[in-house]
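Coordinates as given in start.pdb (PDB, C-alpha atoms (C1' of nucleotides)):
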MODEL        1
ATOM      1  CA  MET P  56     -45.053  38.032  -0.422  1.00  0.00           C
ATOM      2  CA  PRO P  57     -43.137  39.846  -3.164  1.00  0.00           C
ATOM      3  CA  PRO P  58     -44.939  42.603  -5.051  1.00  0.00           C
ATOM      4  CA  GLU P  59     -44.178  40.491  -8.085  1.00  0.00           C
ATOM      5  CA  PHE P  60     -46.998  38.239  -7.118  1.00  0.00           C
ATOM      6  CA  ALA P  61     -49.645  40.956  -7.177  1.00  0.00           C
ATOM      7  CA  ARG P  62     -48.211  42.382 -10.376  1.00  0.00           C
ATOM      8  CA  ARG P  63     -48.209  39.013 -12.105  1.00  0.00           C
ATOM      9  CA  VAL P  64     -51.724  38.184 -11.033  1.00  0.00           C
ATOM     10  CA  LEU P  65     -53.041  41.516 -12.261  1.00  0.00           C
ATOM     11  CA  ALA P  66     -51.157  41.090 -15.526  1.00  0.00           C
ATOM     12  CA  LEU P  67     -52.667  37.670 -16.063  1.00  0.00           C
ATOM     13  CA  LEU P  68     -56.069  38.948 -15.108  1.00  0.00           C
ATOM     14  CA  ALA P  69     -55.758  41.623 -17.754  1.00  0.00           C
ATOM     15  CA  LYS P  70     -55.058  38.902 -20.320  1.00  0.00           C
ATOM     16  CA  VAL P  71     -58.318  37.147 -19.622  1.00  0.00           C
ATOM     17  CA  PRO P  72     -60.511  37.871 -22.643  1.00  0.00           C
ATOM     18  CA  PRO P  73     -64.135  38.943 -22.239  1.00  0.00           C
ATOM     19  CA  GLY P  74     -66.546  36.077 -22.011  1.00  0.00           C
ATOM     20  CA  ARG P  75     -63.971  33.991 -20.210  1.00  0.00           C
ATOM     21  CA  VAL P  76     -63.344  33.323 -16.538  1.00  0.00           C
ATOM     22  CA  THR P  77     -60.494  31.972 -14.443  1.00  0.00           C
ATOM     23  CA  THR P  78     -60.013  30.699 -10.938  1.00  0.00           C
ATOM     24  CA  TYR P  79     -57.934  31.688  -7.922  1.00  0.00           C
ATOM     25  CA  GLY P  80     -55.871  28.541  -8.070  1.00  0.00           C
ATOM     26  CA  THR P  81     -55.179  29.013 -11.763  1.00  0.00           C
ATOM     27  CA  LEU P  82     -54.092  32.621 -11.385  1.00  0.00           C
ATOM     28  CA  ALA P  83     -51.839  31.722  -8.475  1.00  0.00           C
ATOM     29  CA  GLU P  84     -50.281  28.889 -10.386  1.00  0.00           C
ATOM     30  CA  LEU P  85     -49.754  30.907 -13.569  1.00  0.00           C
ATOM     31  CA  ALA P  86     -48.266  33.673 -11.455  1.00  0.00           C
ATOM     32  CA  GLY P  87     -45.653  31.210 -10.346  1.00  0.00           C
ATOM     33  CA  TYR P  88     -47.059  30.592  -6.887  1.00  0.00           C
ATOM     34  CA  PRO P  89     -48.997  27.346  -6.826  1.00  0.00           C
ATOM     35  CA  ARG P  90     -51.337  26.760  -3.895  1.00  0.00           C
ATOM     36  CA  HIS P  91     -51.504  30.472  -3.170  1.00  0.00           C
ATOM     37  CA  SER P  92     -55.121  30.645  -4.183  1.00  0.00           C
ATOM     38  CA  ARG P  93     -56.126  32.263  -0.916  1.00  0.00           C
ATOM     39  CA  HIS P  94     -53.762  35.122  -1.410  1.00  0.00           C
ATOM     40  CA  VAL P  95     -55.046  35.784  -4.879  1.00  0.00           C
ATOM     41  CA  GLY P  96     -58.487  36.157  -3.421  1.00  0.00           C
ATOM     42  CA  HIS P  97     -57.291  38.369  -0.645  1.00  0.00           C
ATOM     43  CA  LEU P  98     -55.251  40.439  -3.058  1.00  0.00           C
ATOM     44  CA  LEU P  99     -58.258  41.120  -5.233  1.00  0.00           C
ATOM     45  CA  GLY P 100     -60.174  42.054  -2.133  1.00  0.00           C
ATOM     46  CA  LYS P 101     -57.594  44.677  -1.266  1.00  0.00           C
ATOM     47  CA  LEU P 102     -57.636  46.179  -4.742  1.00  0.00           C
ATOM     48  CA  PRO P 103     -58.585  49.875  -4.770  1.00  0.00           C
ATOM     49  CA  GLU P 104     -61.717  50.792  -6.668  1.00  0.00           C
ATOM     50  CA  GLY P 105     -59.743  52.824  -9.194  1.00  0.00           C
ATOM     51  CA  VAL P 106     -57.843  49.795 -10.456  1.00  0.00           C
ATOM     52  CA  ALA P 107     -59.014  48.628 -13.854  1.00  0.00           C
ATOM     53  CA  ALA P 108     -58.910  44.923 -13.085  1.00  0.00           C
ATOM     54  CA  PRO P 109     -61.741  42.636 -14.223  1.00  0.00           C
ATOM     55  CA  TRP P 110     -61.714  40.797 -10.939  1.00  0.00           C
ATOM     56  CA  TYR P 111     -65.257  39.684 -11.591  1.00  0.00           C
ATOM     57  CA  ARG P 112     -63.812  37.231 -14.109  1.00  0.00           C
ATOM     58  CA  VAL P 113     -62.237  35.371 -11.214  1.00  0.00           C
ATOM     59  CA  LEU P 114     -64.239  32.543  -9.703  1.00  0.00           C
ATOM     60  CA  GLY P 115     -63.565  29.900  -7.112  1.00  0.00           C
ATOM     61  CA  ALA P 116     -62.811  26.269  -7.908  1.00  0.00           C
ATOM     62  CA  GLY P 117     -65.175  24.671 -10.378  1.00  0.00           C
ATOM     63  CA  GLY P 118     -66.504  28.071 -11.423  1.00  0.00           C
ATOM     64  CA  ARG P 119     -68.266  28.810  -8.149  1.00  0.00           C
ATOM     65  CA  LEU P 120     -68.894  32.361  -7.001  1.00  0.00           C
ATOM     66  CA  SER P 121     -66.569  33.299  -4.178  1.00  0.00           C
ATOM     67  CA  ARG P 122     -68.825  35.271  -1.897  1.00  0.00           C
ATOM     68  CA  PRO P 123     -72.428  34.256  -2.426  1.00  0.00           C
ATOM     69  CA  GLY P 124     -74.956  36.430  -0.694  1.00  0.00           C
ATOM     70  CA  SER P 125     -72.910  39.540  -1.233  1.00  0.00           C
ATOM     71  CA  HIS P 126     -74.333  42.165  -3.547  1.00  0.00           C
ATOM     72  CA  HIS P 127     -71.024  41.913  -5.364  1.00  0.00           C
ATOM     73  CA  ALA P 128     -71.688  38.300  -6.268  1.00  0.00           C
ATOM     74  CA  ASP P 129     -74.967  39.325  -7.823  1.00  0.00           C
ATOM     75  CA  TRP P 130     -73.353  42.091  -9.837  1.00  0.00           C
ATOM     76  CA  GLN P 131     -70.484  39.824 -10.759  1.00  0.00           C
ATOM     77  CA  ARG P 132     -72.831  37.233 -12.173  1.00  0.00           C
ATOM     78  CA  LEU P 133     -74.650  39.854 -14.190  1.00  0.00           C
ATOM     79  CA  GLN P 134     -71.374  41.177 -15.593  1.00  0.00           C
ATOM     80  CA  LEU P 135     -70.305  37.711 -16.709  1.00  0.00           C
ATOM     81  CA  GLU P 136     -73.685  36.949 -18.212  1.00  0.00           C
ATOM     82  CA  GLU P 137     -73.436  40.177 -20.170  1.00  0.00           C
ATOM     83  CA  GLU P 138     -70.146  38.969 -21.601  1.00  0.00           C
ATOM     84  CA  GLY P 139     -71.759  35.737 -22.677  1.00  0.00           C
ATOM     85  CA  VAL P 140     -70.735  33.502 -19.813  1.00  0.00           C
ATOM     86  CA  GLU P 141     -73.419  31.004 -18.945  1.00  0.00           C
ATOM     87  CA  PHE P 142     -74.249  29.687 -15.494  1.00  0.00           C
ATOM     88  CA  ASN P 143     -75.623  26.188 -15.118  1.00  0.00           C
ATOM     89  CA  ALA P 144     -78.446  25.083 -12.876  1.00  0.00           C
ATOM     90  CA  SER P 145     -76.065  24.897  -9.925  1.00  0.00           C
ATOM     91  CA  GLY P 146     -75.141  28.541 -10.416  1.00  0.00           C
ATOM     92  CA  LYS P 147     -71.710  27.580 -11.614  1.00  0.00           C
ATOM     93  CA  VAL P 148     -69.750  28.222 -14.817  1.00  0.00           C
ATOM     94  CA  ASP P 149     -68.521  25.399 -17.031  1.00  0.00           C
ATOM     95  CA  LEU P 150     -64.778  25.995 -16.978  1.00  0.00           C
ATOM     96  CA  ARG P 151     -64.306  23.548 -19.843  1.00  0.00           C
ATOM     97  CA  ILE P 152     -66.019  26.118 -22.030  1.00  0.00           C
ATOM     98  CA  PHE P 153     -65.499  29.534 -20.445  1.00  0.00           C
ATOM     99  CA  GLY P 154     -62.398  28.756 -18.419  1.00  0.00           C
ATOM    100  CA  TRP P 155     -59.120  30.537 -19.127  1.00  0.00           C
ATOM    101  CA  PRO P 156     -56.626  29.578 -20.263  1.00  0.00           C
ATOM    102  CA  ASP P 157     -58.207  27.048 -22.579  1.00  0.00           C
ATOM    103  CA  GLN P 158     -58.649  23.754 -20.834  1.00  0.00           C
ATOM    104  CA  MET P 159     -57.263  21.053 -23.052  1.00  0.00           C
ATOM    105  CA  VAL P 160     -59.735  18.239 -22.870  1.00  0.00           C
TER     106      VAL P 160
ATOM    107  C1'  DG I  80     -41.651  33.594  18.071  1.00  0.00           C
ATOM    108  C1'  DG I  81     -46.496  31.702  18.369  1.00  0.00           C
ATOM    109  C1'  DA I  82     -51.434  31.930  17.335  1.00  0.00           C
ATOM    110  C1'  DA I  83     -55.110  33.421  14.623  1.00  0.00           C
ATOM    111  C1'  DT I  84     -57.089  34.684  10.116  1.00  0.00           C
ATOM    112  C1'  DG I  85     -58.311  34.715   5.165  1.00  0.00           C
ATOM    113  C1'  DA I  86     -62.762  36.607  -2.006  1.00  0.00           C
ATOM    114  C1'  DC I  87     -59.553  28.944  -1.084  1.00  0.00           C
ATOM    115  C1'  DC I  88     -59.127  23.780  -2.538  1.00  0.00           C
ATOM    116  C1'  DA I  89     -59.670  18.880  -2.263  1.00  0.00           C
ATOM    117  C1'  DT I  90     -61.572  14.928  -0.176  1.00  0.00           C
ATOM    118  C1'  DG I  91     -64.776  12.165   2.620  1.00  0.00           C
ATOM    119  C1'  DG I  92     -69.394  11.209   4.678  1.00  0.00           C
TER     120       DG I  92
ATOM    121  C1'  DA N 300     -75.472  17.451  -4.519  1.00  0.00           C
ATOM    122  C1'  DC N 301     -74.645  19.440   0.234  1.00  0.00           C
ATOM    123  C1'  DC N 302     -72.019  19.858   4.717  1.00  0.00           C
ATOM    124  C1'  DA N 303     -67.814  19.038   7.455  1.00  0.00           C
ATOM    125  C1'  DT N 304     -62.757  18.484   8.013  1.00  0.00           C
ATOM    126  C1'  DG N 305     -57.812  19.009   6.885  1.00  0.00           C
ATOM    127  C1'  DG N 306     -54.218  21.220   4.437  1.00  0.00           C
ATOM    128  C1'  DC N 307     -52.054  25.342   2.098  1.00  0.00           C
ATOM    129  C1'  DC N 308     -49.058  29.825   2.542  1.00  0.00           C
ATOM    130  C1'  DA N 309     -48.362  34.503   3.880  1.00  0.00           C
ATOM    131  C1'  DT N 310     -49.904  38.369   6.654  1.00  0.00           C
ATOM    132  C1'  DT N 311     -51.208  40.374  10.957  1.00  0.00           C
ATOM    133  C1'  DC N 312     -51.905  40.646  16.114  1.00  0.00           C
TER     134       DC N 312
ENDMDL
END

Go through the file and emit its structure as structure tokens.
Amino acid sequence: MPPEFARRVLALLAKVPPGRVTTYGTLAELAGYPRHSRHVGHLLGKLPEGVAAPWYRVLGAGGRLSRPGSHHADWQRLQLEEEGVEFNASGKVDLRIFGWPDQMV
DNA sequence: GGAATGACCATGG
DNA sequence: ACCATGGCCATTC
């Protein structure tokens, strides 16, 4: 896995505006590595604390939280809600509205 | 080199 | 809508 991948993903992540969210699959694809969603997730997991990357704006497919139960998930949800992202009854985010990049529908 | 693992995704029951 | 199964790709043992 070339360092390019990590760099690209982080760059894209930095482009995600506040109040918007993206998914692992999307980041991987935009980074030029389709179907590498797992690695995006793992990459973010390895990120040092000092890195200024809004990883909390990254959700799983369909806007689901990646690691429910974890205290991080709780914090993550709060962060997103503070930015104006809304969670539906299922605890998921409507990617058609808050998804990034804009979903053409 | 082979097997197991992982912040996942899509599909089927 | 929820749980189970199969497929993905790269890293690690």

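Applied to the file shown here, the PyMOL selection byres ((chain I and resi 85) around 10) selects Arg93, His94, Gly96 and His97 of chain P; DT84, DA86 and DC87 of chain I; DT310 of chain N.
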
Take atom CA of P:Ser125 and atom CA of P:Ala66 and report the distance between them in Å, one decimal.
26.1 Å

9 Å contacts from chain N to chain P using only C-alpha atoms (C1' of nucleotides), as a list in words
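Output check: DC307, DC308, DA309 and DT310 of chain N.
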
Mind pulling up the distance from atom CA of P:Arg122 to atom C1' of N:DA303?
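So the answer is 18.8 Å.
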
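Atom CA of P:Pro57 lies 27.1 Å from atom CA of P:Leu120.
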
Do a neighbour search on stretch 99-114 of chain P at 10 Å with all atoms listed in the file, toss out local chain neighbours closer than 2 positions, and write the hits as a PDB file with C-alpha atoms (C1' of nucleotides), in the frame of the given file.
ATOM      1  CA  ALA P  61     -49.645  40.956  -7.177  1.00  0.00           C
ATOM      2  CA  VAL P  64     -51.724  38.184 -11.033  1.00  0.00           C
ATOM      3  CA  LEU P  65     -53.041  41.516 -12.261  1.00  0.00           C
ATOM      4  CA  ALA P  66     -51.157  41.090 -15.526  1.00  0.00           C
ATOM      5  CA  LEU P  68     -56.069  38.948 -15.108  1.00  0.00           C
ATOM      6  CA  ALA P  69     -55.758  41.623 -17.754  1.00  0.00           C
ATOM      7  CA  LYS P  70     -55.058  38.902 -20.320  1.00  0.00           C
ATOM      8  CA  VAL P  71     -58.318  37.147 -19.622  1.00  0.00           C
ATOM      9  CA  PRO P  72     -60.511  37.871 -22.643  1.00  0.00           C
ATOM     10  CA  PRO P  73     -64.135  38.943 -22.239  1.00  0.00           C
ATOM     11  CA  GLY P  74     -66.546  36.077 -22.011  1.00  0.00           C
ATOM     12  CA  ARG P  75     -63.971  33.991 -20.210  1.00  0.00           C
ATOM     13  CA  VAL P  76     -63.344  33.323 -16.538  1.00  0.00           C
ATOM     14  CA  THR P  77     -60.494  31.972 -14.443  1.00  0.00           C
ATOM     15  CA  THR P  78     -60.013  30.699 -10.938  1.00  0.00           C
ATOM     16  CA  TYR P  79     -57.934  31.688  -7.922  1.00  0.00           C
ATOM     17  CA  GLY P  80     -55.871  28.541  -8.070  1.00  0.00           C
ATOM     18  CA  THR P  81     -55.179  29.013 -11.763  1.00  0.00           C
ATOM     19  CA  LEU P  82     -54.092  32.621 -11.385  1.00  0.00           C
ATOM     20  CA  HIS P  94     -53.762  35.122  -1.410  1.00  0.00           C
ATOM     21  CA  VAL P  95     -55.046  35.784  -4.879  1.00  0.00           C
ATOM     22  CA  GLY P  96     -58.487  36.157  -3.421  1.00  0.00           C
ATOM     23  CA  HIS P  97     -57.291  38.369  -0.645  1.00  0.00           C
ATOM     24  CA  ALA P 116     -62.811  26.269  -7.908  1.00  0.00           C
ATOM     25  CA  GLY P 117     -65.175  24.671 -10.378  1.00  0.00           C
ATOM     26  CA  GLY P 118     -66.504  28.071 -11.423  1.00  0.00           C
ATOM     27  CA  ARG P 119     -68.266  28.810  -8.149  1.00  0.00           C
ATOM     28  CA  LEU P 120     -68.894  32.361  -7.001  1.00  0.00           C
ATOM     29  CA  SER P 121     -66.569  33.299  -4.178  1.00  0.00           C
ATOM     30  CA  ARG P 122     -68.825  35.271  -1.897  1.00  0.00           C
ATOM     31  CA  HIS P 127     -71.024  41.913  -5.364  1.00  0.00           C
ATOM     32  CA  ALA P 128     -71.688  38.300  -6.268  1.00  0.00           C
ATOM     33  CA  TRP P 130     -73.353  42.091  -9.837  1.00  0.00           C
ATOM     34  CA  GLN P 131     -70.484  39.824 -10.759  1.00  0.00           C
ATOM     35  CA  ARG P 132     -72.831  37.233 -12.173  1.00  0.00           C
ATOM     36  CA  LEU P 133     -74.650  39.854 -14.190  1.00  0.00           C
ATOM     37  CA  GLN P 134     -71.374  41.177 -15.593  1.00  0.00           C
ATOM     38  CA  LEU P 135     -70.305  37.711 -16.709  1.00  0.00           C
ATOM     39  CA  GLU P 138     -70.146  38.969 -21.601  1.00  0.00           C
ATOM     40  CA  VAL P 140     -70.735  33.502 -19.813  1.00  0.00           C
ATOM     41  CA  LYS P 147     -71.710  27.580 -11.614  1.00  0.00           C
ATOM     42  CA  VAL P 148     -69.750  28.222 -14.817  1.00  0.00           C
ATOM     43  CA  LEU P 150     -64.778  25.995 -16.978  1.00  0.00           C
ATOM     44  CA  GLY P 154     -62.398  28.756 -18.419  1.00  0.00           C
ATOM     45  CA  TRP P 155     -59.120  30.537 -19.127  1.00  0.00           C
TER      46      TRP P 155
ATOM     47  C1'  DA I  86     -62.762  36.607  -2.006  1.00  0.00           C
TER      48       DA I  86
END

I'd like the neighbourhood of I:DG92 as a tab-separated table (two decimals) with C-alpha atoms (C1' of nucleotides), in the frame of the given file, where a residue qualifies if any of its atoms comes within 12 Å (using only C-alpha atoms (C1' of nucleotides)), though same-chain residues fewer than 3 positions away should be ignored.
chain	number	residue	atom	x	y	z
N	301	DC	C1'	-74.64	19.44	0.23
N	302	DC	C1'	-72.02	19.86	4.72
N	303	DA	C1'	-67.81	19.04	7.46
N	304	DT	C1'	-62.76	18.48	8.01

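Counting all atoms listed in the file and comparing P:Phe142, P:Pro123, P:Phe60, P:Leu85, the residue that lies closest to chain I is P:Pro123.
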
Check the smallest atom-to-atom distance from each of P:Pro58, P:Gly115, P:Gly124, P:Gly146 to I:DC88 using all atoms listed in the file, then report the winner.
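Between P:Pro58, P:Gly115, P:Gly124, P:Gly146, the residue approaching I:DC88 most closely is P:Gly115.
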
With distances taken over only C-alpha atoms (C1' of nucleotides), which residue among P:Leu98, P:Ala86, P:Leu67, P:Ile152 lies nearest chain I?
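Under the stated criterion, the closest residue is P:Leu98.
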
If the box runs along x, y and z of the file and leaves 3 Å on each side of stretch 115-125 of chain P, what are its centre and edge lengths in Å, one decimal, as lines of an AutoDock Vina configuration file?
center_x = -68.9
center_y = 32.1
center_z = -6.1
size_x = 18.1
size_y = 20.9
size_z = 16.7
